[in-house]
Amino acid sequence: MIGQQYLLLPGPTPIPERVQQAMNRPMINHRGPEFRDILLEVNRGVKSIYGTDHNLLIYPSSGTGALEASIVNFISPGDKVLAISIGVFGDRFASIAQNFGAQVEKLSFKWGQGADPNVVREAISKDKEKRIKAVVVTHNETSTGTYNDIKAIKEAMQDHPALLMVDCVSGLGALEFQMDAWGVDVALSGSQKAFMIPPGLGFMAFSDRALKIHGQNNNHRFYWDVTEGLKYLEKGQTAFTPAISLFYGLQEALSMMLAEGVDNIIKRHLRYRNMVRSAIRAMGMDLLAAEEQASTAVTAVLAPGGAGANQIRSRMLNRFNIVVAGGQQELDDVMFRLGHLGYVRELDLLAVIAALEIVMLESGFKVELGAGVNQAQKFMLRAED
Ligand SMILES: *Cc1c(COP(=O)(O)O)cnc(C)c1O
């Protein structure tokens, strides 16, 4: 098939040509001055995307590695953890904590909805002896296309001293996040979502309060150890060999992101969400996520009766070379997910909506041809707000 594939996954996401080129450079000494300059520059850049002035370590790992790093550095065996879950990734964070010996109390919410801060407040208020050491929660829940209001969750914790640890892997750079202003202690992310570079880097930002707690932590760890990581960072190095090529890519991607401005990036993703959701609705299809908590990074579309989400996905691939994600676990074949984060344009989304109309018609679902496209075009016309 001619032309490039449309990769509409909630990670990995498309790579800009500039970034691709930047990664195509020779190796350098990871303990030399050239790498030190890159490391310090990207550290500053990633911290500015987080909205933090505190600590950041970058690991050669997928996002889950960063989640594990946060658990083994800041949670000790036996610690009580309140795990808020609204989907697959919330469950994963809870499982990691449990695997490393935490006593996990899980607070689950219906898939497709965000966590209710009042329920969190209630759970926190019950802990009179302040035994909960950490609250772990997902920022953007990729499996359901729903996000949590992290600021409201922090407020619901009132003056409880538990650390607030947030999985921002798919949210950071696509959805508002202000680590220091909101009082988040630990926040994890990864390279293959809104950062527009390939998979392979895990980010862990943490507050000085978290660092203090790390000092008394006795969990098992070696590769992820924060004390080692910070010791090397002071010298402009990483504890172990970094993924140098990905750092080249990150440096280039950050210069694009900082030129655009974080606020503008967030607004752009908000427009994608609104455009896609209104087009899908105009086509007569339903969305999983509730309106107020719908993700700006990924939209979960329920396959209309009988159509079968995976069949729609394979038609999109075979007919148009467009890749969309499936549903996870109990949502497999029930819905598909359109990723719209990172290096995506409104025009790409318009093409995908047009293709989807054809595929839906061919799948025997009554769509008025042009209904979604028309809605999306109208949206683009008034795009400047
Ligand atoms: C992608 C993602 C992860 C990490 O997944 P990896 O496959 O380990 O990179 C974690 N949390 C969320 C919310 C994600 O979207």
# chains A, B, ... in the order shown; residues from 1 in each chain; ligands from 1
>>> select_by_dssp(residues="stretch 76-291 of chain A", states="alpha helix (DSSP H)", output="PyMOL selection string")
chain A and resi 88-99+117-125+150-156+179-182+208-215+226-234+244-260+262-282
>>> residues_near_ligand(ligand="ligand 1", cutoff="8 Å", atoms="only C-alpha atoms and all ligand atoms", output="PDB file with all heavy atoms, in the first residue's frame")
ATOM      1  N   PRO A  10      -2.756   4.753  21.312  1.00  0.00           N
ATOM      2  CA  PRO A  10      -2.336   5.554  22.474  1.00  0.00           C
ATOM      3  C   PRO A  10      -0.950   5.097  22.919  1.00  0.00           C
ATOM      4  O   PRO A  10      -0.717   4.742  24.059  1.00  0.00           O
ATOM      5  CB  PRO A  10      -3.409   5.243  23.519  1.00  0.00           C
ATOM      6  CG  PRO A  10      -3.938   3.899  23.154  1.00  0.00           C
ATOM      7  CD  PRO A  10      -3.721   3.697  21.676  1.00  0.00           C
ATOM      8  N   GLY A  11      -0.037   5.046  22.007  1.00  0.00           N
ATOM      9  CA  GLY A  11       1.337   4.629  22.222  1.00  0.00           C
ATOM     10  C   GLY A  11       1.590   3.232  21.696  1.00  0.00           C
ATOM     11  O   GLY A  11       0.806   2.343  21.995  1.00  0.00           O
ATOM     12  N   SER A  61      13.651   2.126  30.048  1.00  0.00           N
ATOM     13  CA  SER A  61      12.577   1.168  30.361  1.00  0.00           C
ATOM     14  C   SER A  61      11.289   1.622  29.708  1.00  0.00           C
ATOM     15  O   SER A  61      11.186   2.759  29.253  1.00  0.00           O
ATOM     16  CB  SER A  61      12.347   1.082  31.875  1.00  0.00           C
ATOM     17  OG  SER A  61      11.580   2.171  32.334  1.00  0.00           O
ATOM     18  N   SER A  62      10.316   0.745  29.681  1.00  0.00           N
ATOM     19  CA  SER A  62       8.983   1.184  29.272  1.00  0.00           C
ATOM     20  C   SER A  62       8.332   1.890  30.461  1.00  0.00           C
ATOM     21  O   SER A  62       8.935   1.996  31.540  1.00  0.00           O
ATOM     22  CB  SER A  62       8.147  -0.012  28.792  1.00  0.00           C
ATOM     23  OG  SER A  62       7.561  -0.683  29.884  1.00  0.00           O
ATOM     24  N   GLY A  63       7.129   2.357  30.278  1.00  0.00           N
ATOM     25  CA  GLY A  63       6.443   3.089  31.345  1.00  0.00           C
ATOM     26  C   GLY A  63       6.261   2.264  32.609  1.00  0.00           C
ATOM     27  O   GLY A  63       6.373   2.777  33.732  1.00  0.00           O
ATOM     28  N   THR A  64       6.002   0.997  32.438  1.00  0.00           N
ATOM     29  CA  THR A  64       5.781   0.126  33.595  1.00  0.00           C
ATOM     30  C   THR A  64       7.029   0.047  34.477  1.00  0.00           C
ATOM     31  O   THR A  64       6.925  -0.067  35.703  1.00  0.00           O
ATOM     32  CB  THR A  64       5.343  -1.283  33.126  1.00  0.00           C
ATOM     33  OG1 THR A  64       4.219  -1.122  32.262  1.00  0.00           O
ATOM     34  CG2 THR A  64       4.951  -2.172  34.289  1.00  0.00           C
ATOM     35  N   GLY A  65       8.202   0.124  33.858  1.00  0.00           N
ATOM     36  CA  GLY A  65       9.445   0.162  34.635  1.00  0.00           C
ATOM     37  C   GLY A  65       9.449   1.359  35.574  1.00  0.00           C
ATOM     38  O   GLY A  65       9.846   1.247  36.739  1.00  0.00           O
ATOM     39  N   LEU A  67       6.808   2.830  36.769  1.00  0.00           N
ATOM     40  CA  LEU A  67       5.836   2.547  37.842  1.00  0.00           C
ATOM     41  C   LEU A  67       6.502   1.689  38.923  1.00  0.00           C
ATOM     42  O   LEU A  67       6.388   1.961  40.123  1.00  0.00           O
ATOM     43  CB  LEU A  67       4.607   1.806  37.300  1.00  0.00           C
ATOM     44  CG  LEU A  67       3.702   2.519  36.292  1.00  0.00           C
ATOM     45  CD1 LEU A  67       2.504   1.635  35.946  1.00  0.00           C
ATOM     46  CD2 LEU A  67       3.214   3.846  36.816  1.00  0.00           C
ATOM     47  N   PHE A  89      -4.800   0.225  33.767  1.00  0.00           N
ATOM     48  CA  PHE A  89      -3.535   0.758  34.276  1.00  0.00           C
ATOM     49  C   PHE A  89      -3.597   1.077  35.768  1.00  0.00           C
ATOM     50  O   PHE A  89      -2.593   0.947  36.472  1.00  0.00           O
ATOM     51  CB  PHE A  89      -3.063   1.943  33.430  1.00  0.00           C
ATOM     52  CG  PHE A  89      -2.618   1.495  32.062  1.00  0.00           C
ATOM     53  CD1 PHE A  89      -3.458   1.627  30.963  1.00  0.00           C
ATOM     54  CD2 PHE A  89      -1.396   0.879  31.881  1.00  0.00           C
ATOM     55  CE1 PHE A  89      -3.070   1.174  29.701  1.00  0.00           C
ATOM     56  CE2 PHE A  89      -0.991   0.413  30.635  1.00  0.00           C
ATOM     57  CZ  PHE A  89      -1.834   0.567  29.548  1.00  0.00           C
ATOM     58  N   GLY A  90      -4.773   1.455  36.246  1.00  0.00           N
ATOM     59  CA  GLY A  90      -4.955   1.623  37.687  1.00  0.00           C
ATOM     60  C   GLY A  90      -4.768   0.286  38.392  1.00  0.00           C
ATOM     61  O   GLY A  90      -4.129   0.198  39.448  1.00  0.00           O
ATOM     62  N   THR A 138      -4.018   6.792  38.518  1.00  0.00           N
ATOM     63  CA  THR A 138      -3.693   7.054  37.111  1.00  0.00           C
ATOM     64  C   THR A 138      -4.179   8.447  36.727  1.00  0.00           C
ATOM     65  O   THR A 138      -5.275   8.844  37.119  1.00  0.00           O
ATOM     66  CB  THR A 138      -4.414   6.029  36.200  1.00  0.00           C
ATOM     67  OG1 THR A 138      -4.384   4.760  36.835  1.00  0.00           O
ATOM     68  CG2 THR A 138      -3.768   5.936  34.845  1.00  0.00           C
ATOM     69  N   HIS A 139      -3.362   9.152  35.969  1.00  0.00           N
ATOM     70  CA  HIS A 139      -3.750  10.474  35.474  1.00  0.00           C
ATOM     71  C   HIS A 139      -4.724  10.268  34.316  1.00  0.00           C
ATOM     72  O   HIS A 139      -5.914  10.515  34.440  1.00  0.00           O
ATOM     73  CB  HIS A 139      -2.471  11.196  35.028  1.00  0.00           C
ATOM     74  CG  HIS A 139      -2.657  12.571  34.471  1.00  0.00           C
ATOM     75  ND1 HIS A 139      -1.841  13.049  33.467  1.00  0.00           N
ATOM     76  CD2 HIS A 139      -3.521  13.553  34.776  1.00  0.00           C
ATOM     77  CE1 HIS A 139      -2.219  14.287  33.194  1.00  0.00           C
ATOM     78  NE2 HIS A 139      -3.230  14.621  33.957  1.00  0.00           N
ATOM     79  N   ASN A 140      -4.206   9.757  33.208  1.00  0.00           N
ATOM     80  CA  ASN A 140      -5.069   9.448  32.061  1.00  0.00           C
ATOM     81  C   ASN A 140      -5.158   7.925  31.940  1.00  0.00           C
ATOM     82  O   ASN A 140      -4.143   7.267  31.721  1.00  0.00           O
ATOM     83  CB  ASN A 140      -4.465  10.050  30.793  1.00  0.00           C
ATOM     84  CG  ASN A 140      -5.318   9.777  29.572  1.00  0.00           C
ATOM     85  OD1 ASN A 140      -6.389  10.355  29.413  1.00  0.00           O
ATOM     86  ND2 ASN A 140      -4.870   8.886  28.710  1.00  0.00           N
ATOM     87  N   GLU A 141      -6.352   7.391  32.082  1.00  0.00           N
ATOM     88  CA  GLU A 141      -6.524   5.928  32.007  1.00  0.00           C
ATOM     89  C   GLU A 141      -6.711   5.536  30.533  1.00  0.00           C
ATOM     90  O   GLU A 141      -7.788   5.699  29.957  1.00  0.00           O
ATOM     91  CB  GLU A 141      -7.723   5.495  32.863  1.00  0.00           C
ATOM     92  CG  GLU A 141      -8.050   4.017  32.817  1.00  0.00           C
ATOM     93  CD  GLU A 141      -6.879   3.077  33.104  1.00  0.00           C
ATOM     94  OE1 GLU A 141      -6.418   2.989  34.258  1.00  0.00           O
ATOM     95  OE2 GLU A 141      -6.430   2.437  32.137  1.00  0.00           O
ATOM     96  N   THR A 142      -5.639   5.035  29.978  1.00  0.00           N
ATOM     97  CA  THR A 142      -5.574   4.747  28.550  1.00  0.00           C
ATOM     98  C   THR A 142      -6.560   3.657  28.116  1.00  0.00           C
ATOM     99  O   THR A 142      -7.035   3.656  26.986  1.00  0.00           O
ATOM    100  CB  THR A 142      -4.140   4.304  28.202  1.00  0.00           C
ATOM    101  OG1 THR A 142      -3.237   5.135  28.936  1.00  0.00           O
ATOM    102  CG2 THR A 142      -3.849   4.435  26.731  1.00  0.00           C
ATOM    103  N   SER A 143      -6.861   2.735  29.016  1.00  0.00           N
ATOM    104  CA  SER A 143      -7.715   1.609  28.626  1.00  0.00           C
ATOM    105  C   SER A 143      -9.166   2.016  28.418  1.00  0.00           C
ATOM    106  O   SER A 143      -9.891   1.339  27.693  1.00  0.00           O
ATOM    107  CB  SER A 143      -7.635   0.494  29.675  1.00  0.00           C
ATOM    108  OG  SER A 143      -8.200   0.926  30.893  1.00  0.00           O
ATOM    109  N   ASP A 167       0.463   7.872  37.940  1.00  0.00           N
ATOM    110  CA  ASP A 167       0.862   7.319  36.638  1.00  0.00           C
ATOM    111  C   ASP A 167       0.409   8.291  35.557  1.00  0.00           C
ATOM    112  O   ASP A 167      -0.767   8.356  35.212  1.00  0.00           O
ATOM    113  CB  ASP A 167       0.200   5.942  36.457  1.00  0.00           C
ATOM    114  CG  ASP A 167       0.335   5.402  35.029  1.00  0.00           C
ATOM    115  OD1 ASP A 167       0.859   6.109  34.147  1.00  0.00           O
ATOM    116  OD2 ASP A 167      -0.107   4.254  34.802  1.00  0.00           O
ATOM    117  N   CYS A 168       1.384   9.051  35.038  1.00  0.00           N
ATOM    118  CA  CYS A 168       1.081  10.044  33.994  1.00  0.00           C
ATOM    119  C   CYS A 168       1.602   9.567  32.650  1.00  0.00           C
ATOM    120  O   CYS A 168       1.941  10.398  31.793  1.00  0.00           O
ATOM    121  CB  CYS A 168       1.797  11.359  34.276  1.00  0.00           C
ATOM    122  SG  CYS A 168       1.368  12.126  35.801  1.00  0.00           S
ATOM    123  N   VAL A 169       1.731   8.277  32.458  1.00  0.00           N
ATOM    124  CA  VAL A 169       2.429   7.795  31.265  1.00  0.00           C
ATOM    125  C   VAL A 169       1.760   8.324  29.991  1.00  0.00           C
ATOM    126  O   VAL A 169       2.434   8.849  29.106  1.00  0.00           O
ATOM    127  CB  VAL A 169       2.557   6.253  31.245  1.00  0.00           C
ATOM    128  CG1 VAL A 169       3.212   5.804  29.938  1.00  0.00           C
ATOM    129  CG2 VAL A 169       3.389   5.764  32.421  1.00  0.00           C
ATOM    130  N   SER A 170       0.441   8.213  29.904  1.00  0.00           N
ATOM    131  CA  SER A 170      -0.202   8.682  28.666  1.00  0.00           C
ATOM    132  C   SER A 170      -0.766  10.093  28.797  1.00  0.00           C
ATOM    133  O   SER A 170      -1.203  10.683  27.819  1.00  0.00           O
ATOM    134  CB  SER A 170      -1.320   7.727  28.249  1.00  0.00           C
ATOM    135  OG  SER A 170      -2.311   7.675  29.252  1.00  0.00           O
ATOM    136  N   GLY A 171      -0.752  10.635  30.017  1.00  0.00           N
ATOM    137  CA  GLY A 171      -1.358  11.953  30.217  1.00  0.00           C
ATOM    138  C   GLY A 171      -0.383  13.104  30.046  1.00  0.00           C
ATOM    139  O   GLY A 171      -0.730  14.168  29.520  1.00  0.00           O
ATOM    140  N   SER A 189       6.204   8.778  33.841  1.00  0.00           N
ATOM    141  CA  SER A 189       5.782   8.872  32.445  1.00  0.00           C
ATOM    142  C   SER A 189       6.712   8.045  31.565  1.00  0.00           C
ATOM    143  O   SER A 189       7.601   7.363  32.063  1.00  0.00           O
ATOM    144  CB  SER A 189       5.714  10.337  31.997  1.00  0.00           C
ATOM    145  OG  SER A 189       4.965  10.416  30.797  1.00  0.00           O
ATOM    146  N   GLY A 190       6.459   8.107  30.257  1.00  0.00           N
ATOM    147  CA  GLY A 190       7.253   7.307  29.331  1.00  0.00           C
ATOM    148  C   GLY A 190       7.391   8.008  27.999  1.00  0.00           C
ATOM    149  O   GLY A 190       6.684   8.987  27.721  1.00  0.00           O
ATOM    150  N   GLN A 192       6.955   6.949  24.764  1.00  0.00           N
ATOM    151  CA  GLN A 192       6.257   6.590  23.522  1.00  0.00           C
ATOM    152  C   GLN A 192       4.835   7.127  23.406  1.00  0.00           C
ATOM    153  O   GLN A 192       4.105   6.717  22.529  1.00  0.00           O
ATOM    154  CB  GLN A 192       6.246   5.069  23.351  1.00  0.00           C
ATOM    155  CG  GLN A 192       5.199   4.307  24.149  1.00  0.00           C
ATOM    156  CD  GLN A 192       5.612   3.943  25.547  1.00  0.00           C
ATOM    157  OE1 GLN A 192       6.395   4.647  26.157  1.00  0.00           O
ATOM    158  NE2 GLN A 192       5.076   2.854  26.086  1.00  0.00           N
ATOM    159  N   LYS A 193       4.459   8.063  24.283  1.00  0.00           N
ATOM    160  CA  LYS A 193       3.092   8.590  24.210  1.00  0.00           C
ATOM    161  C   LYS A 193       3.150  10.022  23.677  1.00  0.00           C
ATOM    162  O   LYS A 193       3.430  10.221  22.514  1.00  0.00           O
ATOM    163  CB  LYS A 193       2.411   8.475  25.565  1.00  0.00           C
ATOM    164  CG  LYS A 193       2.546   7.085  26.211  1.00  0.00           C
ATOM    165  CD  LYS A 193       1.455   6.110  25.814  1.00  0.00           C
ATOM    166  CE  LYS A 193       1.773   4.694  26.203  1.00  0.00           C
ATOM    167  NZ  LYS A 193       0.976   4.133  27.266  1.00  0.00           N
ATOM    168  N   PRO A 199       9.376   3.949  22.060  1.00  0.00           N
ATOM    169  CA  PRO A 199       9.350   3.376  23.401  1.00  0.00           C
ATOM    170  C   PRO A 199      10.774   3.187  23.920  1.00  0.00           C
ATOM    171  O   PRO A 199      11.698   2.999  23.133  1.00  0.00           O
ATOM    172  CB  PRO A 199       8.695   2.011  23.204  1.00  0.00           C
ATOM    173  CG  PRO A 199       8.113   1.998  21.854  1.00  0.00           C
ATOM    174  CD  PRO A 199       8.795   3.052  21.049  1.00  0.00           C
ATOM    175  N   GLY A 200      10.946   3.203  25.225  1.00  0.00           N
ATOM    176  CA  GLY A 200      12.251   2.864  25.784  1.00  0.00           C
ATOM    177  C   GLY A 200      12.781   3.784  26.867  1.00  0.00           C
ATOM    178  O   GLY A 200      13.803   3.483  27.461  1.00  0.00           O
ATOM    179  N   GLY A 202      11.716   5.630  30.530  1.00  0.00           N
ATOM    180  CA  GLY A 202      10.752   5.827  31.613  1.00  0.00           C
ATOM    181  C   GLY A 202      11.182   7.035  32.430  1.00  0.00           C
ATOM    182  O   GLY A 202      12.368   7.196  32.736  1.00  0.00           O
TER     183      GLY A 202
END
>>> atom_distance(atom1="atom CA of A:Leu369", atom2="atom CA of A:Gly284")
11.3 Å
>>> closest_residue(among="A:Val120, A:Ile322, A:Ala376, A:Ile84", to="A:Val352", atoms="only C-alpha atoms")
A:Ile322
>>> atom_distance(atom1="atom CA of A:Glu346", atom2="atom CA of A:Met316")
18.3 Å
>>> select_by_dssp(residues="stretch 165-359 of chain A", states="strand (DSSP E or B)", output="MDAnalysis selection string")
chainID A and resid 165:167 172 175 186:190 201:206 286:287 294 298:302 322:326 335:339
>>> write_last_selection(atoms="C-alpha atoms", output="tab-separated table (two decimals), in the first residue's frame")
chain	number	residue	atom	x	y	z
A	165	MET	CA	1.92	8.94	43.32
A	166	VAL	CA	0.54	9.39	39.81
A	167	ASP	CA	0.86	7.32	36.64
A	172	LEU	CA	1.81	14.00	30.49
A	175	LEU	CA	-3.56	16.65	29.43
A	186	VAL	CA	5.80	11.15	42.50
A	187	ALA	CA	4.81	11.17	38.83
A	188	LEU	CA	5.74	8.61	36.19
A	189	SER	CA	5.78	8.87	32.44
A	190	GLY	CA	7.25	7.31	29.33
A	201	LEU	CA	12.51	5.75	28.25
A	202	GLY	CA	10.75	5.83	31.61
A	203	PHE	CA	10.53	9.12	33.54
A	204	MET	CA	10.22	9.43	37.30
A	205	ALA	CA	9.78	12.86	38.88
A	206	PHE	CA	9.63	13.11	42.66
A	286	ASP	CA	-21.57	5.80	21.35
A	287	LEU	CA	-18.55	6.68	23.46
A	294	ALA	CA	-13.15	12.13	28.58
A	298	VAL	CA	-7.47	8.65	23.37
A	299	THR	CA	-11.15	8.19	22.54
A	300	ALA	CA	-12.90	4.90	23.29
A	301	VAL	CA	-15.67	4.16	20.78
A	302	LEU	CA	-18.26	1.46	21.44
A	322	ILE	CA	-4.97	2.87	9.55
A	323	VAL	CA	-4.09	1.33	12.92
A	324	VAL	CA	-6.45	1.86	15.84
A	325	ALA	CA	-6.25	0.15	19.22
A	326	GLY	CA	-8.61	-2.51	20.51
A	335	MET	CA	-14.89	-1.10	21.60
A	336	PHE	CA	-11.93	0.35	19.76
A	337	ARG	CA	-9.73	3.25	20.77
A	338	LEU	CA	-8.56	6.13	18.59
A	339	GLY	CA	-5.29	7.48	19.91
>>> residues_around(residues="stretch 332-334 of chain A", least_positions_apart="2", cutoff="7 Å", atoms="only C-alpha atoms", output="ChimeraX atom specification")
/A:302-303,308-310,326-330
>>> residues_around(residues="A:Val135", least_positions_apart="5", cutoff="12 Å", atoms="only C-alpha atoms", output="MDAnalysis selection string")
chainID A and resid 70:71 74:75 79:85 90 93:94 97 102:107 120:121 123:124 130 150 153:154 156:157 160:167 184:187
>>> atom_distance(atom1="atom CA of A:Gln375", atom2="atom CA of A:Pro12")
27.7 Å
>>> residues_around(residues="stretch 225-236 of chain A", least_positions_apart="6", cutoff="12 Å", atoms="only C-alpha atoms", output="number ranges by chain")
A: 30-43, 54-59, 66, 68-74, 204-206, 208, 210-219, 242
>>> residues_around(residues="stretch 19-29 of chain A", least_positions_apart="6", cutoff="6 Å", atoms="only C-alpha atoms", output="list of chain:residue names")
A:Ser245, A:Tyr248, A:Gly249, A:Glu252
>>> write_last_selection(atoms="C-alpha atoms", output="PDB file, in the first residue's frame")
ATOM      1  CA  SER A 245      19.782   7.321  20.721  1.00  0.00           C
ATOM      2  CA  TYR A 248      18.986  12.385  20.932  1.00  0.00           C
ATOM      3  CA  GLY A 249      15.347  11.974  19.978  1.00  0.00           C
ATOM      4  CA  GLU A 252      14.824  17.168  19.522  1.00  0.00           C
TER       5      GLU A 252
END
